[in-house]
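Data from start-v6.cif: mmCIF, C-alpha atoms and all ligand atoms
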data_my_file
#
loop_
_atom_site.group_PDB
_atom_site.id
_atom_site.type_symbol
_atom_site.label_atom_id
_atom_site.label_comp_id
_atom_site.auth_asym_id
_atom_site.auth_seq_id
_atom_site.Cartn_x
_atom_site.Cartn_y
_atom_site.Cartn_z
ATOM 1 C CA MET A 1 8.151 -3.497 -12.145
ATOM 2 C CA GLU A 2 6.566 -3.751 -15.590
ATOM 3 C CA LEU A 3 3.273 -4.897 -14.084
ATOM 4 C CA PHE A 4 2.090 -1.377 -13.219
ATOM 5 C CA ALA A 5 3.150 0.722 -16.210
ATOM 6 C CA PRO A 6 0.092 -0.048 -18.416
ATOM 7 C CA LEU A 7 -2.351 0.379 -15.503
ATOM 8 C CA ALA A 8 -1.747 4.065 -14.811
ATOM 9 C CA PRO A 9 -4.499 5.748 -16.888
ATOM 10 C CA GLY A 10 -7.444 3.730 -15.526
ATOM 11 C CA TYR A 11 -5.864 2.580 -12.260
ATOM 12 C CA GLU A 12 -8.151 4.399 -9.824
ATOM 13 C CA ARG A 13 -11.402 3.395 -11.560
ATOM 14 C CA TRP A 14 -10.506 -0.257 -12.137
ATOM 15 C CA GLY A 15 -8.690 -0.637 -8.800
ATOM 16 C CA ALA A 16 -11.838 0.453 -6.940
ATOM 17 C CA LEU A 17 -13.984 -1.903 -8.994
ATOM 18 C CA LEU A 18 -11.739 -4.942 -8.533
ATOM 19 C CA SER A 19 -11.629 -4.382 -4.754
ATOM 20 C CA LEU A 20 -15.452 -4.314 -4.879
ATOM 21 C CA GLY A 21 -15.427 -0.693 -3.791
ATOM 22 C CA GLN A 22 -13.739 -1.460 -0.458
ATOM 23 C CA ASP A 23 -10.211 -0.085 -0.600
ATOM 24 C CA ALA A 24 -11.116 3.627 -0.502
ATOM 25 C CA ARG A 25 -12.530 3.012 2.986
ATOM 26 C CA TRP A 26 -9.372 1.138 4.026
ATOM 27 C CA ARG A 27 -7.105 3.991 2.912
ATOM 28 C CA ALA A 28 -9.289 6.590 4.641
ATOM 29 C CA GLU A 29 -9.320 4.691 7.932
ATOM 30 C CA MET A 30 -5.573 4.032 7.854
ATOM 31 C CA VAL A 31 -4.860 7.752 7.332
ATOM 32 C CA ALA A 32 -7.301 8.673 10.126
ATOM 33 C CA ARG A 33 -5.487 6.265 12.501
ATOM 34 C CA LEU A 34 -2.234 8.196 12.081
ATOM 35 C CA ASP A 35 -3.633 11.246 13.963
ATOM 36 C CA LEU A 36 -1.729 13.623 11.716
ATOM 37 C CA ALA A 37 -1.452 17.235 12.834
ATOM 38 C CA PRO A 38 -1.989 19.806 10.051
ATOM 39 C CA GLY A 39 1.351 20.645 8.453
ATOM 40 C CA SER A 40 2.805 17.163 9.068
ATOM 41 C CA LEU A 41 5.261 15.915 6.465
ATOM 42 C CA VAL A 42 4.217 12.519 5.106
ATOM 43 C CA LEU A 43 6.077 10.189 2.748
ATOM 44 C CA ASP A 44 3.685 8.044 0.705
ATOM 45 C CA VAL A 45 5.710 5.079 -0.567
ATOM 46 C CA ALA A 46 4.533 2.915 -3.480
ATOM 47 C CA ALA A 47 2.212 5.867 -3.944
ATOM 48 C CA GLY A 48 1.037 4.882 -7.407
ATOM 49 C CA THR A 49 -1.268 7.632 -8.639
ATOM 50 C CA GLY A 50 -1.212 9.303 -5.202
ATOM 51 C CA LEU A 51 -4.526 8.226 -3.684
ATOM 52 C CA ILE A 52 -3.140 8.147 -0.136
ATOM 53 C CA ALA A 53 -1.052 11.282 -0.684
ATOM 54 C CA ARG A 54 -4.206 13.194 -1.618
ATOM 55 C CA LEU A 55 -6.036 11.998 1.516
ATOM 56 C CA VAL A 56 -3.107 13.261 3.561
ATOM 57 C CA GLU A 57 -3.107 16.605 1.734
ATOM 58 C CA ALA A 58 -6.847 16.948 2.357
ATOM 59 C CA ARG A 59 -5.987 16.965 6.082
ATOM 60 C CA GLY A 60 -3.714 19.964 5.625
ATOM 61 C CA CYS A 61 -0.508 17.879 5.609
ATOM 62 C CA ARG A 62 2.354 17.978 3.107
ATOM 63 C CA ALA A 63 2.813 14.757 1.140
ATOM 64 C CA VAL A 64 5.728 13.484 -0.917
ATOM 65 C CA ALA A 65 4.995 10.535 -3.221
ATOM 66 C CA ILE A 66 7.582 7.860 -4.066
ATOM 67 C CA ASP A 67 7.065 5.050 -6.556
ATOM 68 C CA GLN A 68 9.225 2.910 -8.814
ATOM 69 C CA SER A 69 6.818 3.267 -11.767
ATOM 70 C CA GLY A 70 7.116 6.440 -13.837
ATOM 71 C CA PRO A 71 3.691 6.122 -15.505
ATOM 72 C CA MET A 72 1.895 5.600 -12.147
ATOM 73 C CA LEU A 73 3.797 8.402 -10.414
ATOM 74 C CA ARG A 74 3.169 10.813 -13.289
ATOM 75 C CA GLU A 75 -0.524 10.806 -12.306
ATOM 76 C CA ALA A 76 0.359 11.791 -8.707
ATOM 77 C CA TYR A 77 2.651 14.553 -9.962
ATOM 78 C CA ARG A 78 0.056 15.800 -12.474
ATOM 79 C CA ARG A 79 -2.398 16.222 -9.586
ATOM 80 C CA GLY A 80 0.101 18.352 -7.666
ATOM 81 C CA THR A 81 1.905 16.003 -5.255
ATOM 82 C CA PRO A 82 5.718 16.401 -5.148
ATOM 83 C CA SER A 83 6.924 13.066 -6.510
ATOM 84 C CA ILE A 84 10.184 11.102 -6.563
ATOM 85 C CA LEU A 85 10.880 8.132 -8.819
ATOM 86 C CA ALA A 86 12.631 5.630 -6.521
ATOM 87 C CA THR A 87 12.229 2.260 -4.845
ATOM 88 C CA ALA A 88 11.051 1.648 -1.310
ATOM 89 C CA GLU A 89 14.229 -0.303 -0.609
ATOM 90 C CA ALA A 90 16.497 2.710 -1.268
ATOM 91 C CA LEU A 91 14.675 5.911 -0.345
ATOM 92 C CA PRO A 92 16.573 8.970 -1.614
ATOM 93 C CA VAL A 93 15.564 11.136 1.359
ATOM 94 C CA ALA A 94 17.309 12.002 4.628
ATOM 95 C CA ASP A 95 16.751 9.922 7.746
ATOM 96 C CA ASP A 96 14.621 11.011 10.714
ATOM 97 C CA GLN A 97 12.639 13.728 8.947
ATOM 98 C CA PHE A 98 9.104 12.525 8.143
ATOM 99 C CA ASP A 99 6.208 12.723 10.599
ATOM 100 C CA ALA A 100 4.612 9.703 8.935
ATOM 101 C CA VAL A 101 5.223 7.091 6.244
ATOM 102 C CA THR A 102 2.260 5.512 4.475
ATOM 103 C CA PHE A 103 2.167 2.671 1.986
ATOM 104 C CA SER A 104 -0.290 0.244 0.461
ATOM 105 C CA TYR A 105 0.140 -2.973 -1.496
ATOM 106 C CA LEU A 106 3.931 -2.852 -1.212
ATOM 107 C CA LEU A 107 5.212 -5.752 0.889
ATOM 108 C CA ARG A 108 4.069 -8.354 -1.676
ATOM 109 C CA TYR A 109 6.443 -6.809 -4.213
ATOM 110 C CA VAL A 110 9.667 -6.529 -2.226
ATOM 111 C CA ALA A 111 12.241 -9.317 -2.004
ATOM 112 C CA ASP A 112 13.086 -8.658 1.644
ATOM 113 C CA PRO A 113 10.174 -7.132 3.611
ATOM 114 C CA LEU A 114 12.206 -6.668 6.825
ATOM 115 C CA THR A 115 14.975 -4.701 5.108
ATOM 116 C CA CYS A 116 12.320 -2.629 3.336
ATOM 117 C CA MET A 117 10.459 -1.909 6.593
ATOM 118 C CA ARG A 118 13.736 -0.826 8.233
ATOM 119 C CA GLU A 119 14.318 1.574 5.345
ATOM 120 C CA LEU A 120 10.827 3.062 5.835
ATOM 121 C CA VAL A 121 11.312 3.398 9.596
ATOM 122 C CA GLY A 122 14.700 5.051 9.043
ATOM 123 C CA VAL A 123 13.216 8.145 7.394
ATOM 124 C CA LEU A 124 10.700 8.705 10.244
ATOM 125 C CA ARG A 125 11.460 11.139 13.039
ATOM 126 C CA PRO A 126 11.277 9.641 16.544
ATOM 127 C CA GLY A 127 7.589 9.459 17.452
ATOM 128 C CA GLY A 128 6.609 9.359 13.761
ATOM 129 C CA ARG A 129 3.869 7.011 12.527
ATOM 130 C CA VAL A 130 3.658 4.308 9.860
ATOM 131 C CA GLY A 131 0.393 3.221 8.228
ATOM 132 C CA MET A 132 -0.267 0.423 5.758
ATOM 133 C CA VAL A 133 -3.138 -0.979 3.695
ATOM 134 C CA GLU A 134 -2.867 -4.476 2.207
ATOM 135 C CA PHE A 135 -5.212 -7.115 0.903
ATOM 136 C CA GLY A 136 -6.097 -9.811 3.401
ATOM 137 C CA ARG A 137 -7.264 -13.398 3.059
ATOM 138 C CA PRO A 138 -10.723 -14.028 4.526
ATOM 139 C CA ARG A 139 -10.968 -17.077 6.762
ATOM 140 C CA GLY A 140 -13.728 -19.527 7.711
ATOM 141 C CA LEU A 141 -16.941 -19.387 5.684
ATOM 142 C CA TRP A 142 -15.670 -16.474 3.588
ATOM 143 C CA GLY A 143 -12.470 -18.291 2.572
ATOM 144 C CA PRO A 144 -13.951 -20.345 -0.324
ATOM 145 C CA PRO A 145 -15.928 -17.409 -1.886
ATOM 146 C CA TRP A 146 -12.789 -15.245 -1.641
ATOM 147 C CA TRP A 147 -10.739 -17.981 -3.306
ATOM 148 C CA LEU A 148 -13.291 -18.259 -6.137
ATOM 149 C CA TYR A 149 -13.361 -14.473 -6.561
ATOM 150 C CA THR A 150 -9.574 -14.160 -6.726
ATOM 151 C CA ARG A 151 -9.023 -17.235 -8.940
ATOM 152 C CA ILE A 152 -11.993 -16.913 -11.312
ATOM 153 C CA GLY A 153 -13.739 -13.549 -10.816
ATOM 154 C CA LEU A 154 -10.630 -11.374 -10.806
ATOM 155 C CA PRO A 155 -8.970 -12.991 -13.845
ATOM 156 C CA ALA A 156 -12.283 -12.680 -15.738
ATOM 157 C CA ALA A 157 -12.713 -9.039 -14.692
ATOM 158 C CA GLY A 158 -9.082 -8.399 -15.639
ATOM 159 C CA MET A 159 -9.775 -9.653 -19.154
ATOM 160 C CA VAL A 160 -12.707 -7.229 -19.467
ATOM 161 C CA ALA A 161 -10.627 -4.317 -18.135
ATOM 162 C CA GLY A 162 -7.969 -5.092 -20.725
ATOM 163 C CA ASP A 163 -4.450 -3.625 -20.999
ATOM 164 C CA GLY A 164 -2.294 -4.738 -18.060
ATOM 165 C CA TRP A 165 -5.281 -5.705 -15.905
ATOM 166 C CA ARG A 166 -5.432 -9.155 -17.470
ATOM 167 C CA ARG A 167 -2.043 -9.946 -15.938
ATOM 168 C CA VAL A 168 -2.945 -8.325 -12.611
ATOM 169 C CA GLY A 169 -6.224 -10.266 -12.426
ATOM 170 C CA SER A 170 -4.367 -13.574 -12.544
ATOM 171 C CA PHE A 171 -1.449 -12.452 -10.421
ATOM 172 C CA LEU A 172 -3.266 -10.869 -7.479
ATOM 173 C CA GLY A 173 -4.866 -13.894 -5.735
ATOM 174 C CA PRO A 174 -1.703 -16.044 -5.617
ATOM 175 C CA SER A 175 0.340 -12.968 -4.604
ATOM 176 C CA ILE A 176 -1.993 -12.249 -1.632
ATOM 177 C CA ASP A 177 -1.876 -15.924 -0.611
ATOM 178 C CA ASP A 178 1.897 -15.916 -0.790
ATOM 179 C CA LEU A 179 2.191 -12.918 1.560
ATOM 180 C CA HIS A 180 -0.126 -14.448 4.153
ATOM 181 C CA ASP A 181 1.552 -17.867 3.865
ATOM 182 C CA ARG A 182 4.896 -16.208 4.546
ATOM 183 C CA PHE A 183 3.488 -14.030 7.346
ATOM 184 C CA PRO A 184 0.689 -16.000 9.047
ATOM 185 C CA GLY A 185 -1.096 -14.894 12.230
ATOM 186 C CA ASP A 186 0.761 -12.030 13.899
ATOM 187 C CA ALA A 187 3.916 -12.439 11.782
ATOM 188 C CA LEU A 188 3.331 -9.098 10.028
ATOM 189 C CA GLY A 189 3.120 -7.451 13.463
ATOM 190 C CA ALA A 190 6.369 -9.182 14.462
ATOM 191 C CA LEU A 191 7.964 -7.944 11.235
ATOM 192 C CA TRP A 192 7.037 -4.358 12.090
ATOM 193 C CA ARG A 193 8.344 -4.709 15.656
ATOM 194 C CA ASP A 194 11.603 -6.228 14.319
ATOM 195 C CA ALA A 195 11.893 -3.181 12.062
ATOM 196 C CA GLY A 196 11.840 -0.971 15.170
ATOM 197 C CA LEU A 197 8.185 0.023 15.531
ATOM 198 C CA VAL A 198 6.094 -0.010 18.699
ATOM 199 C CA ASP A 199 2.338 0.273 19.396
ATOM 200 C CA VAL A 200 1.753 -1.882 16.331
ATOM 201 C CA HIS A 201 -1.920 -2.469 15.510
ATOM 202 C CA ILE A 202 -3.414 -4.856 12.943
ATOM 203 C CA GLN A 203 -7.084 -4.679 11.993
ATOM 204 C CA ARG A 204 -8.914 -6.704 9.386
ATOM 205 C CA ARG A 205 -11.734 -5.127 7.396
ATOM 206 C CA SER A 206 -14.370 -6.202 4.841
ATOM 207 C CA LEU A 207 -14.673 -9.810 6.102
ATOM 208 C CA GLY A 208 -10.872 -10.060 6.195
ATOM 209 C CA GLY A 209 -10.350 -8.888 2.598
ATOM 210 C CA GLY A 210 -8.425 -5.847 3.814
ATOM 211 C CA VAL A 211 -5.670 -5.479 6.398
ATOM 212 C CA LEU A 212 -4.845 -2.149 8.037
ATOM 213 C CA MET A 213 -1.710 -1.678 10.132
ATOM 214 C CA TRP A 214 -0.323 1.292 11.967
ATOM 215 C CA GLY A 215 2.499 1.805 14.460
ATOM 216 C CA ARG A 216 4.967 4.311 15.873
ATOM 217 C CA LYS A 217 8.720 4.831 15.923
ATOM 218 C CA PRO A 218 9.817 5.135 19.582
HETATM 219 C C1 LIG B 301 -1.347 -1.419 -6.405
HETATM 220 S S1 LIG B 301 -0.353 0.005 -6.559
HETATM 221 C C2 LIG B 301 -0.847 0.911 -5.119
HETATM 222 C C3 LIG B 301 -0.800 2.390 -5.329
HETATM 223 C C4 LIG B 301 -1.364 3.235 -4.176
HETATM 224 N N1 LIG B 301 -0.544 3.120 -2.997
HETATM 225 C C5 LIG B 301 -2.799 2.913 -3.868
HETATM 226 O O1 LIG B 301 -3.167 2.769 -2.702
HETATM 227 O O2 LIG B 301 -3.595 2.837 -4.799
HETATM 228 C C6 LIG B 301 1.218 -0.587 -6.057
HETATM 229 C C7 LIG B 301 2.338 0.396 -6.374
HETATM 230 O O3 LIG B 301 3.521 -0.074 -5.747
HETATM 231 C C8 LIG B 301 4.611 0.287 -6.562
HETATM 232 N N2 LIG B 301 5.753 -0.515 -6.151
HETATM 233 C C9 LIG B 301 5.863 -1.853 -6.187
HETATM 234 N N3 LIG B 301 7.053 -2.219 -5.697
HETATM 235 C C10 LIG B 301 7.706 -1.085 -5.349
HETATM 236 C C11 LIG B 301 8.987 -0.810 -4.778
HETATM 237 N N4 LIG B 301 9.822 -1.797 -4.468
HETATM 238 N N5 LIG B 301 9.320 0.480 -4.558
HETATM 239 C C12 LIG B 301 8.470 1.485 -4.869
HETATM 240 N N6 LIG B 301 7.248 1.287 -5.418
HETATM 241 C C13 LIG B 301 6.871 0.010 -5.626
HETATM 242 C C14 LIG B 301 4.102 0.026 -7.969
HETATM 243 O O4 LIG B 301 4.839 0.699 -8.953
HETATM 244 C C15 LIG B 301 2.652 0.517 -7.864
HETATM 245 O O5 LIG B 301 2.523 1.841 -8.282
#
Translate this file's structure into structure tokens.
Amino acid sequence: MELFAPLAPGYERWGALLSLGQDARWRAEMVARLDLAPGSLVLDVAAGTGLIARLVEARGCRAVAIDQSGPMLREAYRRGTPSILATAEALPVADDQFDAVTFSYLLRYVADPLTCMRELVGVLRPGGRVGMVEFGRPRGLWGPPWWLYTRIGLPAAGMVAGDGWRRVGSFLGPSIDDLHDRFPGDALGALWRDAGLVDVHIQRRSLGGGVLMWGRKP
């Protein structure tokens, strides 16, 4: 996906800014919810520059990063995380071996989320955990300000950030809407259960602007 290649050098700085400083907390909570024992083997899919992989490593676990973008993944590799250039839909790793799979901001980019989720679940050992971070869509009173932020604020901020951010700024709001139109209410939970997960939890954070999910392979 061309979208990410130009973002790699400033991704972490600009990503934090455009999420209004919220998404670091979402990643940290999602990783904490996985209850990882030190030494656990964790596959971070759509790892980008390896932000989640590094949180996992800070807990004494071993992380492997996978991403389809060479420039994004190069940052993860440069910081010491073993990295594999591949897509989430065709993971080049053996089944049933990871203690956990993490991912963020992935399901909006895959053509068939159920097939992708089944692929992720396939590489988990029985009892292994999955954790996800995604953008949410605030409801009620916060819906209109969120809409204005994603349709006017983000595109404007993207223009200031320059490079590929201009495209991302315009793309992000409609892309988040599209995911939540396709998977309203508990449909994301149902998707995870259809993919073979149990104990599936969904929590919204930051007035609904963030969605955390975690679950377990039986
Ligand atoms: C917004 S970045 C998120 C990076 C990181 N997970 C984080 O929390 O900051 C989304 C990443 O997903 C990757 N990606 C998108 N579709 C993918 C796919 N089908 N397979 C693997 N990686 C994918 C992109 O290359 C990009 O690096």
* Asked: Given a cut-off of 6 Å, what residues near ligand LIG 301 (chain B) show up using all atoms listed in the file, put as a ChimeraX atom specification?
  -> /A:4,46-48,51-52,67-69,72,87-88,103-106,109-110
* To do: Identify all residues satisfying the PyMOL selection byres (((chain A and resi 84) around 12) and not hetatm) in the given file; provide them as a PyMOL selection string.
  => chain A and resi 43-48+50+63-70+72-74+76-77+81-83+85-88+90-93
Residues of the last selection are to be written out with C-alpha atoms, as a JSON list (two decimals), in the coordinates of the input.
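Output saved as again-v5.json:
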[["chain", "number", "residue", "atom", "x", "y", "z"],
["A", 43, "LEU", "CA", 6.08, 10.19, 2.75],
["A", 44, "ASP", "CA", 3.68, 8.04, 0.70],
["A", 45, "VAL", "CA", 5.71, 5.08, -0.57],
["A", 46, "ALA", "CA", 4.53, 2.92, -3.48],
["A", 47, "ALA", "CA", 2.21, 5.87, -3.94],
["A", 48, "GLY", "CA", 1.04, 4.88, -7.41],
["A", 50, "GLY", "CA", -1.21, 9.30, -5.20],
["A", 63, "ALA", "CA", 2.81, 14.76, 1.14],
["A", 64, "VAL", "CA", 5.73, 13.48, -0.92],
["A", 65, "ALA", "CA", 5.00, 10.54, -3.22],
["A", 66, "ILE", "CA", 7.58, 7.86, -4.07],
["A", 67, "ASP", "CA", 7.06, 5.05, -6.56],
["A", 68, "GLN", "CA", 9.22, 2.91, -8.81],
["A", 69, "SER", "CA", 6.82, 3.27, -11.77],
["A", 70, "GLY", "CA", 7.12, 6.44, -13.84],
["A", 72, "MET", "CA", 1.90, 5.60, -12.15],
["A", 73, "LEU", "CA", 3.80, 8.40, -10.41],
["A", 74, "ARG", "CA", 3.17, 10.81, -13.29],
["A", 76, "ALA", "CA", 0.36, 11.79, -8.71],
["A", 77, "TYR", "CA", 2.65, 14.55, -9.96],
["A", 81, "THR", "CA", 1.90, 16.00, -5.26],
["A", 82, "PRO", "CA", 5.72, 16.40, -5.15],
["A", 83, "SER", "CA", 6.92, 13.07, -6.51],
["A", 85, "LEU", "CA", 10.88, 8.13, -8.82],
["A", 86, "ALA", "CA", 12.63, 5.63, -6.52],
["A", 87, "THR", "CA", 12.23, 2.26, -4.84],
["A", 88, "ALA", "CA", 11.05, 1.65, -1.31],
["A", 90, "ALA", "CA", 16.50, 2.71, -1.27],
["A", 91, "LEU", "CA", 14.68, 5.91, -0.34],
["A", 92, "PRO", "CA", 16.57, 8.97, -1.61],
["A", 93, "VAL", "CA", 15.56, 11.14, 1.36]]
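Of the listed residues A:Val160, A:Ala111, A:Leu55, A:Val123, the one whose atoms come nearest to Arg25 of chain A is A:Leu55, with distances taken using all atoms listed in the file.
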* Asked: Written as a VMD selection string, which residues does the PyMOL selection byres (((chain A and resi 98) around 9) and not hetatm) give for the file shown?
  -> chain A and resid 40 to 43 94 to 97 99 to 101 123 to 125 128 to 129
* Compile the contact shell of segment 174-189 of chain A as a PyMOL selection string: residues with an atom at most 9 Å away, counting all atoms listed in the file, same-chain residues fewer than 2 positions apart removed. => chain A and resi 107-109+134-137+150-151+170-172+191-194+200-202+213
* the PyMOL selection byres (((chain A and resi 118) around 9) and not hetatm) applied to the shown file, residues as a PyMOL selection string -> chain A and resi 89+113-117+119-122+192+194-196
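Going from atom CA of Pro138 of chain A to atom CA of Leu197 of chain A covers 26.0 Å.
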* If we count only C-alpha atoms, what is near Gln22 of chain A at a cut-off of 10 Å, once residues fewer than 3 positions away on the same chain are taken out, given as a ChimeraX atom specification? -> /A:15-19,25-27,205-206,209-210
* What separation in Å, quoted to one decimal, exists between atom CA of Tyr11 of chain A and atom CA of Thr49 of chain A? ->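 One can read the atom CA of Tyr11 of chain A to atom CA of Thr49 of chain A distance as 7.7 Å.
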* To do: Name the residues within 9 Å of (-5.7, 4.6, 8.9), counting all atoms listed in the file in the file's coordinates, and put them as a list in words.
  =>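 Neighbouring residues, ordered by chain and number, come to Trp26, Arg27, Ala28, Glu29, Met30, Val31, Ala32, Arg33, Leu34, Asp35, Gly131, Met132, Val133, Leu212, Met213 and Trp214 of chain A.
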* To do: Have a look at A:Trp165, A:Trp142, A:Trp147, A:Trp14 and name the one nearest to Gly208 of chain A; count all atoms listed in the file.
  =>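 Closest residue, counting all atoms listed in the file: A:Trp142.
Comparing the minimum interatomic distances between Pro71 of chain A and each of A:Gly173, A:Pro6, A:Gly215, A:Gly164, counting all atoms listed in the file, we find that A:Pro6 sits nearest.
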Completion of segment 195-215 of chain A up to N, CA and C atoms, as a PDB file, in the coordinates of the input:
ATOM      1  N   ALA A 195      11.383  -4.341  12.817  1.00  0.00           N
ATOM      2  CA  ALA A 195      11.893  -3.181  12.062  1.00  0.00           C
ATOM      3  C   ALA A 195      12.039  -1.955  12.957  1.00  0.00           C
ATOM      4  N   GLY A 196      11.610  -2.067  14.230  1.00  0.00           N
ATOM      5  CA  GLY A 196      11.840  -0.971  15.170  1.00  0.00           C
ATOM      6  C   GLY A 196      10.604  -0.187  15.550  1.00  0.00           C
ATOM      7  N   LEU A 197       9.415  -0.708  15.210  1.00  0.00           N
ATOM      8  CA  LEU A 197       8.185   0.023  15.531  1.00  0.00           C
ATOM      9  C   LEU A 197       7.562  -0.493  16.827  1.00  0.00           C
ATOM     10  N   VAL A 198       6.831   0.366  17.491  1.00  0.00           N
ATOM     11  CA  VAL A 198       6.094  -0.010  18.699  1.00  0.00           C
ATOM     12  C   VAL A 198       4.628   0.375  18.510  1.00  0.00           C
ATOM     13  N   ASP A 199       3.786  -0.003  19.490  1.00  0.00           N
ATOM     14  CA  ASP A 199       2.338   0.273  19.396  1.00  0.00           C
ATOM     15  C   ASP A 199       1.791  -0.173  18.041  1.00  0.00           C
ATOM     16  N   VAL A 200       2.142  -1.381  17.656  1.00  0.00           N
ATOM     17  CA  VAL A 200       1.753  -1.882  16.331  1.00  0.00           C
ATOM     18  C   VAL A 200       0.339  -2.479  16.406  1.00  0.00           C
ATOM     19  N   HIS A 201      -0.534  -1.996  15.554  1.00  0.00           N
ATOM     20  CA  HIS A 201      -1.920  -2.469  15.510  1.00  0.00           C
ATOM     21  C   HIS A 201      -2.196  -3.119  14.160  1.00  0.00           C
ATOM     22  N   ILE A 202      -2.949  -4.221  14.189  1.00  0.00           N
ATOM     23  CA  ILE A 202      -3.414  -4.856  12.943  1.00  0.00           C
ATOM     24  C   ILE A 202      -4.925  -4.993  13.032  1.00  0.00           C
ATOM     25  N   GLN A 203      -5.620  -4.537  12.023  1.00  0.00           N
ATOM     26  CA  GLN A 203      -7.084  -4.679  11.993  1.00  0.00           C
ATOM     27  C   GLN A 203      -7.488  -5.224  10.635  1.00  0.00           C
ATOM     28  N   ARG A 204      -8.403  -6.165  10.652  1.00  0.00           N
ATOM     29  CA  ARG A 204      -8.914  -6.704   9.386  1.00  0.00           C
ATOM     30  C   ARG A 204     -10.244  -6.049   9.079  1.00  0.00           C
ATOM     31  N   ARG A 205     -10.512  -5.794   7.825  1.00  0.00           N
ATOM     32  CA  ARG A 205     -11.734  -5.127   7.396  1.00  0.00           C
ATOM     33  C   ARG A 205     -12.378  -5.907   6.246  1.00  0.00           C
ATOM     34  N   SER A 206     -13.659  -5.624   5.983  1.00  0.00           N
ATOM     35  CA  SER A 206     -14.370  -6.202   4.841  1.00  0.00           C
ATOM     36  C   SER A 206     -14.255  -7.725   4.837  1.00  0.00           C
ATOM     37  N   LEU A 207     -14.673  -8.341   5.949  1.00  0.00           N
ATOM     38  CA  LEU A 207     -14.673  -9.810   6.102  1.00  0.00           C
ATOM     39  C   LEU A 207     -13.268 -10.404   6.014  1.00  0.00           C
ATOM     40  N   GLY A 208     -12.256  -9.587   6.256  1.00  0.00           N
ATOM     41  CA  GLY A 208     -10.872 -10.060   6.195  1.00  0.00           C
ATOM     42  C   GLY A 208     -10.209  -9.776   4.859  1.00  0.00           C
ATOM     43  N   GLY A 209     -10.926  -9.177   3.923  1.00  0.00           N
ATOM     44  CA  GLY A 209     -10.350  -8.888   2.598  1.00  0.00           C
ATOM     45  C   GLY A 209      -9.360  -7.739   2.614  1.00  0.00           C
ATOM     46  N   GLY A 210      -9.383  -6.955   3.692  1.00  0.00           N
ATOM     47  CA  GLY A 210      -8.425  -5.847   3.814  1.00  0.00           C
ATOM     48  C   GLY A 210      -7.710  -5.926   5.143  1.00  0.00           C
ATOM     49  N   VAL A 211      -6.455  -5.529   5.160  1.00  0.00           N
ATOM     50  CA  VAL A 211      -5.670  -5.479   6.398  1.00  0.00           C
ATOM     51  C   VAL A 211      -5.143  -4.058   6.558  1.00  0.00           C
ATOM     52  N   LEU A 212      -5.407  -3.462   7.718  1.00  0.00           N
ATOM     53  CA  LEU A 212      -4.845  -2.149   8.037  1.00  0.00           C
ATOM     54  C   LEU A 212      -3.826  -2.349   9.148  1.00  0.00           C
ATOM     55  N   MET A 213      -2.686  -1.659   9.043  1.00  0.00           N
ATOM     56  CA  MET A 213      -1.710  -1.678  10.132  1.00  0.00           C
ATOM     57  C   MET A 213      -1.241  -0.261  10.391  1.00  0.00           C
ATOM     58  N   TRP A 214      -0.966   0.023  11.647  1.00  0.00           N
ATOM     59  CA  TRP A 214      -0.323   1.292  11.967  1.00  0.00           C
ATOM     60  C   TRP A 214       0.548   1.102  13.210  1.00  0.00           C
ATOM     61  N   GLY A 215       1.576   1.912  13.338  1.00  0.00           N
ATOM     62  CA  GLY A 215       2.499   1.805  14.460  1.00  0.00           C
ATOM     63  C   GLY A 215       3.318   3.080  14.580  1.00  0.00           C
TER      64      GLY A 215
END
